[in-house]
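Novice: structure.txt is reproduced in full below (compact mmCIF, C-alpha atoms and all ligand atoms).
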```txt
# COMPACT_ATOMS: atom_id res chain seq x y z
CA MET A 20 -134.73 -89.14 -296.00
CA LYS A 21 -137.90 -87.25 -295.00
CA GLU A 22 -139.26 -90.61 -293.90
CA VAL A 23 -136.09 -91.46 -291.93
CA ILE A 24 -136.25 -88.09 -290.17
CA SER A 25 -139.90 -88.27 -289.17
CA ARG A 26 -139.72 -91.92 -288.11
CA GLY A 27 -136.49 -91.19 -286.25
CA ALA A 28 -138.08 -88.26 -284.42
CA GLN A 29 -141.12 -90.34 -283.37
CA ASN A 30 -138.88 -93.15 -282.26
CA PHE A 31 -136.76 -90.72 -280.27
CA LEU A 32 -139.77 -89.09 -278.56
CA ASN A 33 -141.05 -92.50 -277.44
CA LEU A 34 -137.72 -93.78 -276.15
CA SER A 35 -136.69 -90.58 -274.39
CA LYS A 36 -139.72 -90.81 -272.09
CA ASP A 37 -138.00 -93.61 -270.19
CA SER A 38 -134.29 -92.90 -270.61
CA LYS A 39 -131.91 -90.05 -270.10
CA VAL A 40 -130.27 -88.59 -273.18
CA LEU A 41 -126.67 -87.56 -273.79
CA VAL A 42 -125.90 -85.37 -276.79
CA VAL A 43 -122.34 -85.43 -278.16
CA SER A 44 -121.51 -82.82 -280.76
CA HIS A 45 -118.52 -81.57 -282.72
CA PHE A 46 -116.80 -78.32 -281.70
CA ASP A 47 -116.81 -76.44 -285.02
CA THR A 48 -119.51 -73.99 -286.14
CA ASP A 49 -121.68 -76.67 -287.71
CA GLY A 50 -121.35 -78.86 -284.61
CA VAL A 51 -122.09 -76.09 -282.12
CA THR A 52 -125.08 -74.77 -284.09
CA SER A 53 -126.39 -78.36 -284.41
CA ALA A 54 -126.00 -78.74 -280.65
CA SER A 55 -127.81 -75.45 -279.99
CA ILE A 56 -130.75 -76.44 -282.23
CA ILE A 57 -131.00 -79.82 -280.50
CA CYS A 58 -130.67 -78.17 -277.09
CA LYS A 59 -133.55 -75.75 -277.72
CA ALA A 60 -135.79 -78.37 -279.34
CA PHE A 61 -135.20 -80.90 -276.53
CA LYS A 62 -135.93 -78.31 -273.84
CA ARG A 63 -139.18 -77.41 -275.54
CA ALA A 64 -140.11 -81.10 -275.70
CA ASN A 65 -139.27 -81.55 -271.99
CA ILE A 66 -136.57 -84.08 -272.70
CA ASN A 67 -134.13 -84.85 -269.92
CA PHE A 68 -130.67 -84.49 -271.47
CA SER A 69 -127.08 -83.44 -271.00
CA MET A 70 -124.53 -82.35 -273.55
CA LYS A 71 -120.84 -82.74 -274.43
CA ILE A 72 -118.95 -80.86 -277.14
CA VAL A 73 -115.79 -82.59 -278.38
CA LYS A 74 -112.88 -81.82 -280.69
CA SER A 75 -113.05 -85.23 -282.34
CA LEU A 76 -114.71 -88.57 -281.67
CA ARG A 77 -111.99 -90.77 -280.24
CA ASP A 78 -112.55 -94.51 -279.99
CA ASP A 79 -111.74 -94.65 -276.27
CA PHE A 80 -114.27 -91.85 -275.65
CA VAL A 81 -117.01 -93.73 -277.53
CA LEU A 82 -116.24 -96.90 -275.58
CA SER A 83 -116.47 -95.00 -272.27
CA LEU A 84 -119.96 -93.56 -272.96
CA PRO A 85 -122.73 -94.55 -270.48
CA LYS A 86 -124.53 -97.71 -271.55
CA ASP A 87 -127.88 -96.80 -269.99
CA ARG A 88 -128.61 -93.68 -271.99
CA ILE A 89 -129.77 -92.70 -275.43
CA ILE A 90 -126.80 -91.14 -277.20
CA VAL A 91 -127.35 -88.49 -279.87
CA PHE A 92 -124.28 -87.70 -281.98
CA SER A 93 -124.31 -84.57 -284.08
CA ASP A 94 -121.81 -83.53 -286.74
CA LEU A 95 -119.82 -86.68 -286.00
CA GLY A 96 -120.38 -90.40 -285.50
CA SER A 97 -120.84 -91.62 -289.09
CA GLY A 98 -117.26 -92.86 -289.14
CA SER A 99 -117.54 -94.80 -285.86
CA LEU A 100 -120.82 -96.72 -286.32
CA GLU A 101 -119.22 -100.09 -285.59
CA LEU A 102 -118.21 -98.93 -282.09
CA PHE A 103 -121.79 -98.46 -280.84
CA SER A 104 -122.63 -102.11 -280.17
CA ASP A 105 -122.69 -101.78 -276.35
CA LEU A 106 -124.80 -98.62 -276.32
CA LEU A 107 -128.51 -98.64 -275.47
CA LYS A 108 -129.77 -96.63 -278.44
CA VAL A 109 -127.99 -94.24 -280.77
CA PHE A 110 -129.17 -91.42 -283.04
CA VAL A 111 -126.62 -90.00 -285.47
CA ILE A 112 -127.35 -86.61 -287.05
CA ASP A 113 -124.41 -86.09 -289.33
CA HIS A 114 -123.17 -85.43 -292.85
CA HIS A 115 -119.71 -87.00 -292.76
CA GLU A 116 -118.75 -90.04 -294.75
CA ILE A 117 -120.37 -93.30 -293.64
CA LYS A 118 -117.67 -95.93 -293.24
CA THR A 119 -119.60 -98.99 -292.06
CA LYS A 120 -123.27 -100.05 -291.90
CA PRO A 121 -125.25 -98.84 -288.87
CA LEU A 122 -125.93 -101.50 -286.22
CA PRO A 123 -129.57 -102.36 -285.32
CA ASN A 124 -129.49 -100.04 -282.27
CA THR A 125 -128.54 -97.01 -284.42
CA VAL A 126 -130.75 -94.55 -286.27
CA LEU A 127 -128.56 -92.83 -288.85
CA ILE A 128 -129.72 -89.58 -290.45
CA ASN A 129 -127.14 -88.60 -293.04
CA PRO A 130 -127.55 -87.13 -296.54
CA HIS A 131 -125.08 -89.72 -297.87
CA LEU A 132 -127.98 -92.19 -297.51
CA LEU A 133 -129.81 -90.32 -300.29
CA PRO A 134 -129.63 -91.94 -303.73
CA ASP A 135 -126.81 -90.43 -305.79
CA SER A 136 -129.19 -88.57 -308.10
CA GLU A 137 -130.81 -86.83 -305.10
CA TYR A 138 -127.66 -86.24 -303.07
CA GLU A 139 -127.53 -82.83 -301.48
CA ASP A 140 -124.86 -81.45 -299.20
CA ILE A 141 -126.91 -80.71 -296.09
CA CYS A 142 -124.84 -79.66 -293.08
CA SER A 143 -125.42 -81.25 -289.68
CA ALA A 144 -127.14 -78.12 -288.36
CA GLY A 145 -129.54 -78.38 -291.30
CA ILE A 146 -130.33 -82.00 -290.48
CA ALA A 147 -130.65 -81.14 -286.78
CA TYR A 148 -133.12 -78.44 -287.78
CA LEU A 149 -135.22 -80.83 -289.92
CA PHE A 150 -135.15 -83.30 -287.02
CA SER A 151 -136.26 -80.61 -284.56
CA LYS A 152 -139.08 -79.68 -286.93
CA ALA A 153 -140.21 -83.30 -286.92
CA LEU A 154 -140.10 -83.34 -283.09
CA SER A 155 -142.80 -80.68 -282.92
CA PRO A 156 -144.98 -80.70 -286.02
CA ASP A 157 -146.86 -77.61 -284.76
CA GLY A 158 -144.05 -75.50 -286.26
CA SER A 159 -142.80 -74.15 -282.95
CA ASN A 160 -139.17 -74.92 -283.82
CA LYS A 161 -139.17 -72.91 -287.03
CA ASP A 162 -137.25 -70.12 -285.32
CA LEU A 163 -134.25 -72.49 -285.15
CA ALA A 164 -133.75 -72.38 -288.92
CA SER A 165 -131.52 -69.31 -288.63
CA LEU A 166 -129.06 -71.31 -286.51
CA ALA A 167 -128.98 -73.89 -289.29
CA ILE A 168 -128.03 -71.14 -291.75
CA ILE A 169 -125.02 -70.25 -289.56
CA GLY A 170 -123.99 -73.92 -289.63
CA MET A 171 -124.41 -73.96 -293.39
CA VAL A 172 -122.23 -70.90 -293.83
CA GLY A 173 -119.67 -72.30 -291.37
CA ASP A 174 -119.36 -75.49 -293.42
CA LEU A 175 -119.35 -73.65 -296.79
CA VAL A 176 -122.32 -75.60 -298.14
CA LYS A 177 -122.57 -75.08 -301.88
CA THR A 178 -125.28 -77.31 -303.32
CA ILE A 179 -128.76 -76.01 -302.71
CA GLY A 180 -131.47 -78.62 -303.31
CA PRO A 181 -134.93 -79.20 -301.86
CA TYR A 182 -133.75 -79.79 -298.27
CA ASN A 183 -131.54 -76.71 -298.05
CA ASN A 184 -134.27 -74.73 -299.77
CA GLU A 185 -136.76 -75.75 -297.10
CA ILE A 186 -134.35 -74.53 -294.41
CA LEU A 187 -133.70 -71.25 -296.24
CA THR A 188 -137.44 -70.68 -296.65
CA ASP A 189 -138.09 -71.29 -292.95
CA ALA A 190 -135.23 -69.08 -291.80
CA ASP A 191 -135.32 -65.39 -291.15
CA VAL A 192 -132.54 -64.79 -293.66
CA ILE A 193 -131.69 -62.17 -296.25
CA ILE A 194 -129.43 -63.31 -299.08
CA LYS A 195 -127.44 -60.72 -301.01
CA LYS A 196 -124.78 -61.08 -303.66
CA GLY A 197 -121.61 -59.26 -302.76
CA LEU A 198 -117.85 -59.10 -302.43
CA GLN A 199 -116.60 -61.89 -300.20
CA ILE A 200 -115.16 -59.68 -297.51
CA TYR A 201 -116.70 -59.87 -294.08
CA PRO A 202 -118.44 -58.87 -291.96
CA ALA A 203 -120.65 -57.22 -294.55
CA THR A 204 -122.53 -55.50 -291.73
CA ARG A 205 -119.63 -53.48 -290.28
CA PRO A 206 -117.83 -50.36 -291.54
CA LEU A 207 -115.90 -51.17 -294.72
CA ASN A 208 -112.54 -49.87 -293.51
CA LYS A 209 -112.52 -52.64 -290.87
CA SER A 210 -113.80 -55.48 -293.04
CA LEU A 211 -111.30 -54.60 -295.79
CA GLU A 212 -108.38 -54.43 -293.38
CA TYR A 213 -109.11 -57.81 -291.78
CA SER A 214 -110.39 -59.66 -294.83
CA SER A 215 -108.27 -62.81 -294.37
CA ARG A 216 -110.44 -65.03 -296.60
CA MET A 217 -109.97 -62.88 -299.66
CA ILE A 218 -106.59 -61.22 -299.63
CA ILE A 219 -106.43 -57.90 -301.49
CA PRO A 220 -102.76 -57.07 -302.13
CA GLY A 221 -101.89 -53.63 -300.82
CA VAL A 222 -105.15 -53.45 -298.85
CA THR A 223 -105.47 -56.41 -296.48
CA GLY A 224 -103.69 -55.56 -293.25
CA ASP A 225 -102.72 -52.12 -294.54
CA ILE A 226 -104.90 -49.26 -293.31
CA LYS A 227 -103.36 -46.72 -295.73
CA GLY A 228 -104.13 -49.03 -298.66
CA VAL A 229 -107.67 -49.48 -297.33
CA LEU A 230 -108.29 -45.73 -297.25
CA LYS A 231 -106.81 -45.33 -300.73
CA LEU A 232 -109.14 -47.99 -302.17
CA LEU A 233 -112.15 -46.40 -300.46
CA ARG A 234 -111.18 -42.96 -301.76
CA GLU A 235 -110.78 -44.28 -305.31
CA SER A 236 -114.17 -45.98 -305.09
CA GLY A 237 -115.77 -42.72 -304.04
CA ILE A 238 -116.86 -44.14 -300.69
CA THR A 239 -116.74 -41.46 -298.02
CA LYS A 240 -117.55 -41.32 -294.34
CA VAL A 241 -121.12 -40.60 -293.26
CA ASP A 242 -121.48 -39.28 -289.68
CA GLY A 243 -117.82 -40.15 -289.07
CA LYS A 244 -118.19 -43.77 -290.16
CA PHE A 245 -117.70 -45.67 -293.41
CA LYS A 246 -120.73 -47.49 -294.79
CA SER A 247 -120.87 -51.25 -294.51
CA LEU A 248 -120.80 -53.44 -297.62
CA ILE A 249 -124.56 -54.10 -297.52
CA ASP A 250 -125.31 -50.38 -297.31
CA LEU A 251 -123.43 -49.40 -300.49
CA ASP A 252 -125.47 -48.18 -303.45
CA GLU A 253 -125.00 -49.89 -306.80
CA GLU A 254 -122.44 -47.42 -308.14
CA GLU A 255 -120.29 -47.47 -305.00
CA ASN A 256 -120.45 -51.24 -305.04
CA SER A 257 -119.34 -51.60 -308.66
CA ARG A 258 -116.50 -49.08 -308.20
CA LEU A 259 -115.31 -51.02 -305.17
CA ILE A 260 -115.41 -54.31 -307.10
CA THR A 261 -113.39 -52.75 -309.93
CA GLY A 262 -110.81 -51.49 -307.44
CA VAL A 263 -110.50 -54.91 -305.86
CA ILE A 264 -110.19 -56.72 -309.21
CA LEU A 265 -107.43 -54.32 -310.30
CA ARG A 266 -105.48 -55.19 -307.18
CA ARG A 267 -106.10 -58.91 -307.50
CA ARG A 268 -104.89 -59.24 -311.09
CA GLY A 269 -103.45 -62.70 -311.67
CA LEU A 270 -105.25 -64.17 -308.65
CA ASP A 271 -108.26 -66.46 -308.75
CA ASN A 272 -111.29 -64.16 -308.82
CA SER A 273 -113.94 -66.78 -309.58
CA ARG A 274 -115.37 -66.57 -306.05
CA LEU A 275 -115.00 -62.83 -305.65
CA ILE A 276 -118.75 -62.27 -305.63
CA ASP A 277 -120.95 -64.74 -303.84
CA ASN A 278 -123.99 -65.02 -301.60
CA ILE A 279 -123.91 -63.19 -298.29
CA TYR A 280 -126.30 -64.57 -295.67
CA LEU A 281 -127.70 -62.10 -293.18
CA VAL A 282 -129.57 -63.47 -290.19
CA LYS A 283 -131.38 -61.91 -287.24
CA PHE A 284 -129.38 -62.62 -284.11
CA PHE A 285 -130.16 -61.02 -280.75
CA GLY A 286 -132.61 -58.83 -282.68
CA LYS A 287 -129.95 -57.45 -285.04
CA LEU A 288 -129.13 -58.23 -288.64
CA GLU A 289 -125.75 -60.01 -288.63
CA ASP A 290 -123.44 -61.52 -291.24
CA ALA A 291 -123.64 -65.30 -290.67
CA ARG A 292 -119.91 -65.58 -291.43
CA GLU A 293 -119.07 -63.35 -288.50
CA ILE A 294 -121.19 -65.35 -286.05
CA SER A 295 -119.56 -68.47 -287.43
CA ALA A 296 -116.11 -66.95 -286.89
CA LYS A 297 -116.98 -66.13 -283.27
CA ILE A 298 -118.22 -69.65 -282.54
CA ASN A 299 -115.10 -71.01 -284.13
CA ALA A 300 -112.84 -68.74 -282.09
CA CYS A 301 -114.47 -69.82 -278.80
CA SER A 302 -114.15 -73.49 -279.66
CA ARG A 303 -110.56 -73.24 -280.83
CA LEU A 304 -109.62 -71.54 -277.58
CA GLY A 305 -111.31 -74.29 -275.58
CA ARG A 306 -114.58 -72.49 -274.78
CA SER A 307 -117.23 -74.34 -276.77
CA ASP A 308 -119.45 -73.93 -273.71
CA ILE A 309 -119.52 -70.18 -274.31
CA ALA A 310 -120.15 -70.68 -278.04
CA LEU A 311 -123.12 -72.90 -277.23
CA SER A 312 -124.61 -70.48 -274.68
CA PHE A 313 -124.12 -67.67 -277.21
CA CYS A 314 -126.07 -69.66 -279.83
CA VAL A 315 -128.94 -70.44 -277.48
CA GLY A 316 -129.25 -66.76 -276.65
CA SER A 317 -127.26 -65.87 -273.51
CA LYS A 318 -126.37 -62.16 -273.41
CA LYS A 319 -123.47 -62.81 -271.08
CA ALA A 320 -122.05 -65.42 -273.46
CA ARG A 321 -122.51 -63.01 -276.33
CA LYS A 322 -120.26 -60.50 -274.57
CA ASP A 323 -117.73 -63.20 -273.61
CA SER A 324 -117.60 -64.54 -277.17
CA GLU A 325 -116.86 -61.03 -278.38
CA ASP A 326 -113.81 -60.83 -276.06
CA ILE A 327 -112.60 -64.30 -277.02
CA TYR A 328 -112.96 -63.43 -280.71
CA ALA A 329 -110.75 -60.37 -280.20
CA ASP A 330 -108.10 -62.49 -278.41
CA TYR A 331 -108.30 -65.09 -281.13
CA LYS A 332 -107.67 -62.58 -283.91
CA GLN A 333 -104.69 -61.29 -281.95
CA MET A 334 -103.39 -64.81 -281.57
CA LEU A 335 -103.62 -65.42 -285.31
CA VAL A 336 -101.71 -62.21 -285.98
CA SER A 337 -98.91 -63.33 -283.64
CA ALA A 338 -98.88 -66.80 -285.16
CA LEU A 339 -98.51 -65.33 -288.66
CA ARG A 340 -95.76 -63.07 -287.41
CA PHE A 341 -94.02 -66.10 -285.93
CA VAL A 342 -94.21 -67.90 -289.30
CA ASP A 343 -92.79 -64.84 -291.02
CA SER A 344 -89.88 -64.25 -288.69
CA SER A 345 -88.83 -67.67 -287.47
CA LYS A 346 -86.11 -69.18 -289.62
CA ASP A 347 -85.29 -72.43 -287.79
CA SER A 348 -88.87 -73.66 -287.73
CA LYS A 349 -89.33 -73.36 -291.49
CA ILE A 350 -88.27 -75.60 -294.35
CA VAL A 351 -88.83 -73.95 -297.70
CA GLY A 352 -88.74 -76.16 -300.79
CA ASN A 353 -89.52 -75.47 -304.41
CA ASP A 354 -93.24 -76.05 -304.18
CA TYR A 355 -93.74 -76.52 -300.49
CA VAL A 356 -93.27 -74.89 -297.09
CA ILE A 357 -93.09 -76.81 -293.84
CA ILE A 358 -93.65 -74.90 -290.61
CA ASN A 359 -92.73 -76.93 -287.55
CA ALA A 360 -94.12 -74.60 -284.88
CA LYS A 361 -93.71 -77.11 -282.00
CA ASP A 362 -95.27 -75.31 -278.99
CA GLN A 363 -95.15 -71.81 -280.52
CA ILE A 364 -98.57 -72.06 -282.22
CA ARG A 365 -101.58 -73.74 -280.61
CA ASP A 366 -102.66 -77.03 -282.20
CA THR A 367 -106.22 -75.72 -282.53
CA ILE A 368 -105.17 -72.80 -284.71
CA ILE A 369 -102.40 -74.34 -286.83
CA GLY A 370 -105.03 -75.38 -289.41
CA THR A 371 -106.35 -71.82 -289.63
CA VAL A 372 -102.82 -70.44 -289.92
CA THR A 373 -102.01 -72.75 -292.85
CA SER A 374 -105.37 -71.83 -294.44
CA ILE A 375 -104.69 -68.11 -294.18
CA LEU A 376 -101.24 -68.63 -295.71
CA SER A 377 -102.79 -70.61 -298.54
CA PHE A 378 -105.29 -67.82 -299.26
CA SER A 379 -102.63 -65.11 -299.12
CA SER A 380 -100.89 -64.08 -302.30
CA LYS A 381 -97.53 -65.07 -300.83
CA TYR A 382 -97.26 -68.51 -302.39
CA LYS A 383 -97.81 -69.60 -305.96
CA GLU A 384 -100.56 -71.92 -307.10
CA GLY A 385 -99.95 -75.53 -306.16
CA THR A 386 -97.67 -74.78 -303.20
CA ALA A 387 -98.16 -77.24 -300.34
CA ILE A 388 -98.21 -75.59 -296.91
CA LEU A 389 -97.69 -77.95 -294.01
CA GLY A 390 -97.97 -76.85 -290.38
CA MET A 391 -97.06 -78.86 -287.28
CA SER A 392 -97.94 -78.04 -283.65
CA TYR A 393 -97.63 -79.96 -280.42
CA ASN A 394 -100.87 -80.95 -278.69
CA GLU A 395 -101.49 -82.71 -275.35
CA SER A 396 -100.42 -86.10 -276.57
CA GLY A 397 -98.63 -85.72 -279.88
CA ILE A 398 -98.31 -83.50 -282.92
CA LYS A 399 -101.14 -82.00 -284.94
CA VAL A 400 -100.34 -81.71 -288.66
CA SER A 401 -102.27 -79.58 -291.18
CA LEU A 402 -101.69 -79.48 -294.90
CA ARG A 403 -103.17 -76.95 -297.35
CA ILE A 404 -102.67 -76.66 -301.10
CA VAL A 405 -102.72 -73.19 -302.66
CA GLY A 406 -105.35 -72.88 -305.39
CA ASN A 407 -106.41 -75.83 -307.43
CA ASN A 408 -103.69 -77.36 -309.60
CA GLY A 409 -104.50 -81.01 -309.15
CA ARG A 410 -102.20 -81.72 -306.23
CA LYS A 411 -104.28 -83.58 -303.63
CA ALA A 412 -103.74 -82.89 -299.93
CA HIS A 413 -105.44 -86.04 -298.63
CA LYS A 414 -103.42 -88.24 -301.00
CA ILE A 415 -100.16 -86.76 -299.72
CA ILE A 416 -101.11 -87.17 -296.05
CA GLY A 417 -102.67 -90.60 -296.63
CA GLY A 418 -99.52 -91.77 -298.39
CA VAL A 419 -97.20 -90.61 -295.63
CA MET A 420 -99.48 -91.98 -292.89
CA LYS A 421 -99.10 -95.52 -294.28
CA ASN A 422 -95.87 -95.62 -292.30
CA PHE A 423 -97.11 -93.95 -289.09
CA SER A 424 -99.83 -94.62 -286.57
CA GLY A 425 -102.39 -91.92 -285.86
CA GLU A 426 -105.67 -90.54 -287.18
CA TRP A 427 -105.79 -88.76 -290.49
CA GLY A 428 -108.36 -87.39 -292.91
CA GLY A 429 -109.16 -84.65 -295.38
CA HIS A 430 -109.98 -83.77 -298.95
CA ASP A 431 -108.38 -82.21 -302.05
CA ASN A 432 -107.29 -78.85 -300.66
CA ALA A 433 -106.99 -79.59 -296.96
CA ALA A 434 -105.91 -82.58 -294.93
CA GLY A 435 -104.49 -83.30 -291.51
CA CYS A 436 -103.27 -85.96 -289.15
CA THR A 437 -101.98 -86.49 -285.64
CA ILE A 438 -98.77 -88.34 -284.95
CA SER A 439 -96.79 -89.27 -281.88
CA ARG A 440 -94.02 -86.92 -280.72
CA ASP A 441 -91.48 -89.71 -281.01
CA ASP A 442 -92.15 -89.73 -284.75
CA GLU A 443 -91.44 -86.01 -285.27
CA VAL A 444 -88.08 -86.37 -287.07
CA LYS A 445 -89.07 -89.46 -289.04
CA PHE A 446 -92.35 -87.85 -290.11
CA LEU A 447 -90.60 -84.66 -291.24
CA GLU A 448 -88.22 -86.64 -293.43
CA SER A 449 -91.00 -88.74 -294.86
CA VAL A 450 -93.35 -85.82 -295.61
CA LYS A 451 -90.51 -83.81 -297.15
CA HIS A 452 -89.70 -86.70 -299.42
CA SER A 453 -93.33 -87.07 -300.39
CA LEU A 454 -93.74 -83.34 -301.12
CA GLU A 455 -90.65 -83.36 -303.29
CA TYR A 456 -91.87 -86.44 -305.11
CA SER A 457 -95.42 -85.16 -305.58
CA GLU A 458 -94.12 -81.94 -307.10
CA LEU A 459 -92.18 -83.94 -309.68
CA LYS A 460 -95.39 -85.59 -310.82
CA VAL A 461 -97.26 -82.32 -311.38
MN MN B 501 -120.21 -80.27 -290.32
```
Please, can you express the file's structure as structure tokens?

Specialist:
Amino acid sequence: MKEVISRGAQNFLNLSKDSKVLVVSHFDTDGVTSASIICKAFKRANINFSMKIVKSLRDDFVLSLPKDRIIVFSDLGSGSLELFSDLLKVFVIDHHEIKTKPLPNTVLINPHLLPDSEYEDICSAGIAYLFSKALSPDGSNKDLASLAIIGMVGDLVKTIGPYNNEILTDADVIIKKGLQIYPATRPLNKSLEYSSRMIIPGVTGDIKGVLKLLRESGITKVDGKFKSLIDLDEEENSRLITGVILRRRGLDNSRLIDNIYLVKFFGKLEDAREISAKINACSRLGRSDIALSFCVGSKKARKDSEDIYADYKQMLVSALRFVDSSKDSKIVGNDYVIINAKDQIRDTIIGTVTSILSFSSKYKEGTAILGMSYNESGIKVSLRIVGNNGRKAHKIIGGVMKNFSGEWGGHDNAAGCTISRDDEVKFLESVKHSLEYSELKV
């Protein structure tokens, strides 16, 4: 792949002298950080380009792309290779599944091209970084490695091989092992209260419980403020871990302690997960433009992203409250819950809402949580499976979607699809049947 990257970069530099470039990137953290790396590297190389950030790569969008430009896709494109035949020249920087062979006009840079024995899960921002490094061999793009780390954290990359190691070595990053609450760089009372990724019963969302846990762990205020996770000494840290484990008895604690990536951002040490969460919030509320400006270093965008992030958290709280209180929009089965939120929860956050519910201690292992929200043209459906009991989300959605038209995709624990609004009732019946049937098999 080294070869493919360096040849691709040379090829790109030659071709972009004579043609304009359009970059199309995905709107999640990995996509936006990829776009920001590409943006900075292209500016430095004096490349004439414009940029579009999209929620998904729709066929009609691909077919409407200008035919006289070089198109660079990042964090998407590998599933649409056969649609590029009318385009001038295409570069795909992506890590999603490759569905068909690339056409002669397409340069595909994707870790799935690595032989099985060398396969490494490199996120798109990581590949974009390696590509940017190849664009200027003098090393002037090395500062972009930190953005790749944010993409890596956003996409929960787990396998670290030679490529990811190269990125980690180049980046200005500090890696610490610690409790998976975040941000690790802010006062603990806040990160414990809002720790939606790792629910601590009696603590998450409960400020009294938070203070009790801190008191028990012997963590006190210094200058009126609680220490942050990364500032704890060893003893405080181990007492806190004990307190958390006691409260999470019976829950899956295998990922309780994991790597925490700290990167320099705007001159300050930040928890990569928090930057990722901010980017994500901007994109989900339709402001990927702000997320991108934030990543390339705009102070104004940094402030704006902060405000959007606050709104976003508020929106999630209201959405969860809606799920809790609304009776007519919920169907509760033995091993499944269906939330048909219609227009009460935004389509861009329904996936996050079902994820939070699946991480909470509310539902038992194996429960299928299905959320449905209206979007501009149809209904967005998200399915999550609590824990890991062998029930496969993508199999359930894939099975149901045999009888409906619309895009779908996913993996073991999470899957989703979009359907037409006319199919709402029929889909509900069909998915209910499938969830009841799939629970019988378990
Ligand atoms: Mn990605």

Novice: I want to know what sits within 9 Å of range 343-350 of chain A, based on all atoms listed in the file, with residues of the same chain fewer than 4 positions away left out; could you give that as a list of chain:residue names?

Specialist: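 Skipping anything fewer than 4 positions along the chain leaves A:Ala338, A:Leu339, A:Tyr355, A:Val356, A:Ile357, A:Ile358, A:Asn359, A:Ala360, A:Lys361, A:Lys451.
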
Novice: Find the residue from A:Ser93, A:Ser151, A:Gln199, A:Ser83 that sits nearest to Asn272 in chain A; use all atoms listed in the file when measuring.

Specialist: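 Of A:Ser93, A:Ser151, A:Gln199, A:Ser83, the one nearest Asn272 in chain A, counting all atoms listed in the file, is A:Gln199.
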
Novice: If we count only C-alpha atoms and set the cut-off at 10 Å, which residues sit around Gly418 in chain A, ignoring sequence neighbours fewer than 5 positions away in its own chain? Please answer as a PyMOL selection string.

Specialist: chain A and resi 412-413+423+449-450+453

Novice: Here is a test: counting all atoms listed in the file, which residue of A:Leu133, A:Ile128, A:Met217, A:Val315 is nearest to Asp162 in chain A?

Specialist: A:Val315

Novice: Near range 289-306 of chain A, counting all atoms listed in the file, which residues have an atom at most 8 Å away, once you skip same-chain residues fewer than 5 positions from it, shown as a list of chain:residue names?

Specialist: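 Using all atoms listed in the file, the neighbours found are A:Phe46, A:Asp47, A:Thr48, A:Val51, A:Ile168, A:Ile169, A:Gly170, A:Val172, A:Gly173, A:Tyr201, A:Pro202, A:Ala203, A:Thr204, A:Ile279, A:Tyr280, A:Leu281, A:Val282, A:Lys283, A:Phe284, A:Leu311, A:Ser324, A:Glu325, A:Ile327, A:Tyr328, A:Tyr331, A:Thr367, A:Ile368.
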
Novice: How would you report the residues lying within 8 Å of ligand MN 501 (chain B), as JSON, numbers by chain, if you count all atoms listed in the file?

Specialist: {"A": [45, 47, 48, 49, 50, 94, 95, 113, 114, 115, 142, 143, 144, 170, 174]}

Novice: Can you pull out every residue within 12 Å of Phe446 in chain A, counting only C-alpha atoms, but drop anything in the same chain fewer than 3 positions away, and send it as a PyMOL selection string?

Specialist: chain A and resi 357+359+389+391+398-400+416+418-425+436-443+449-454
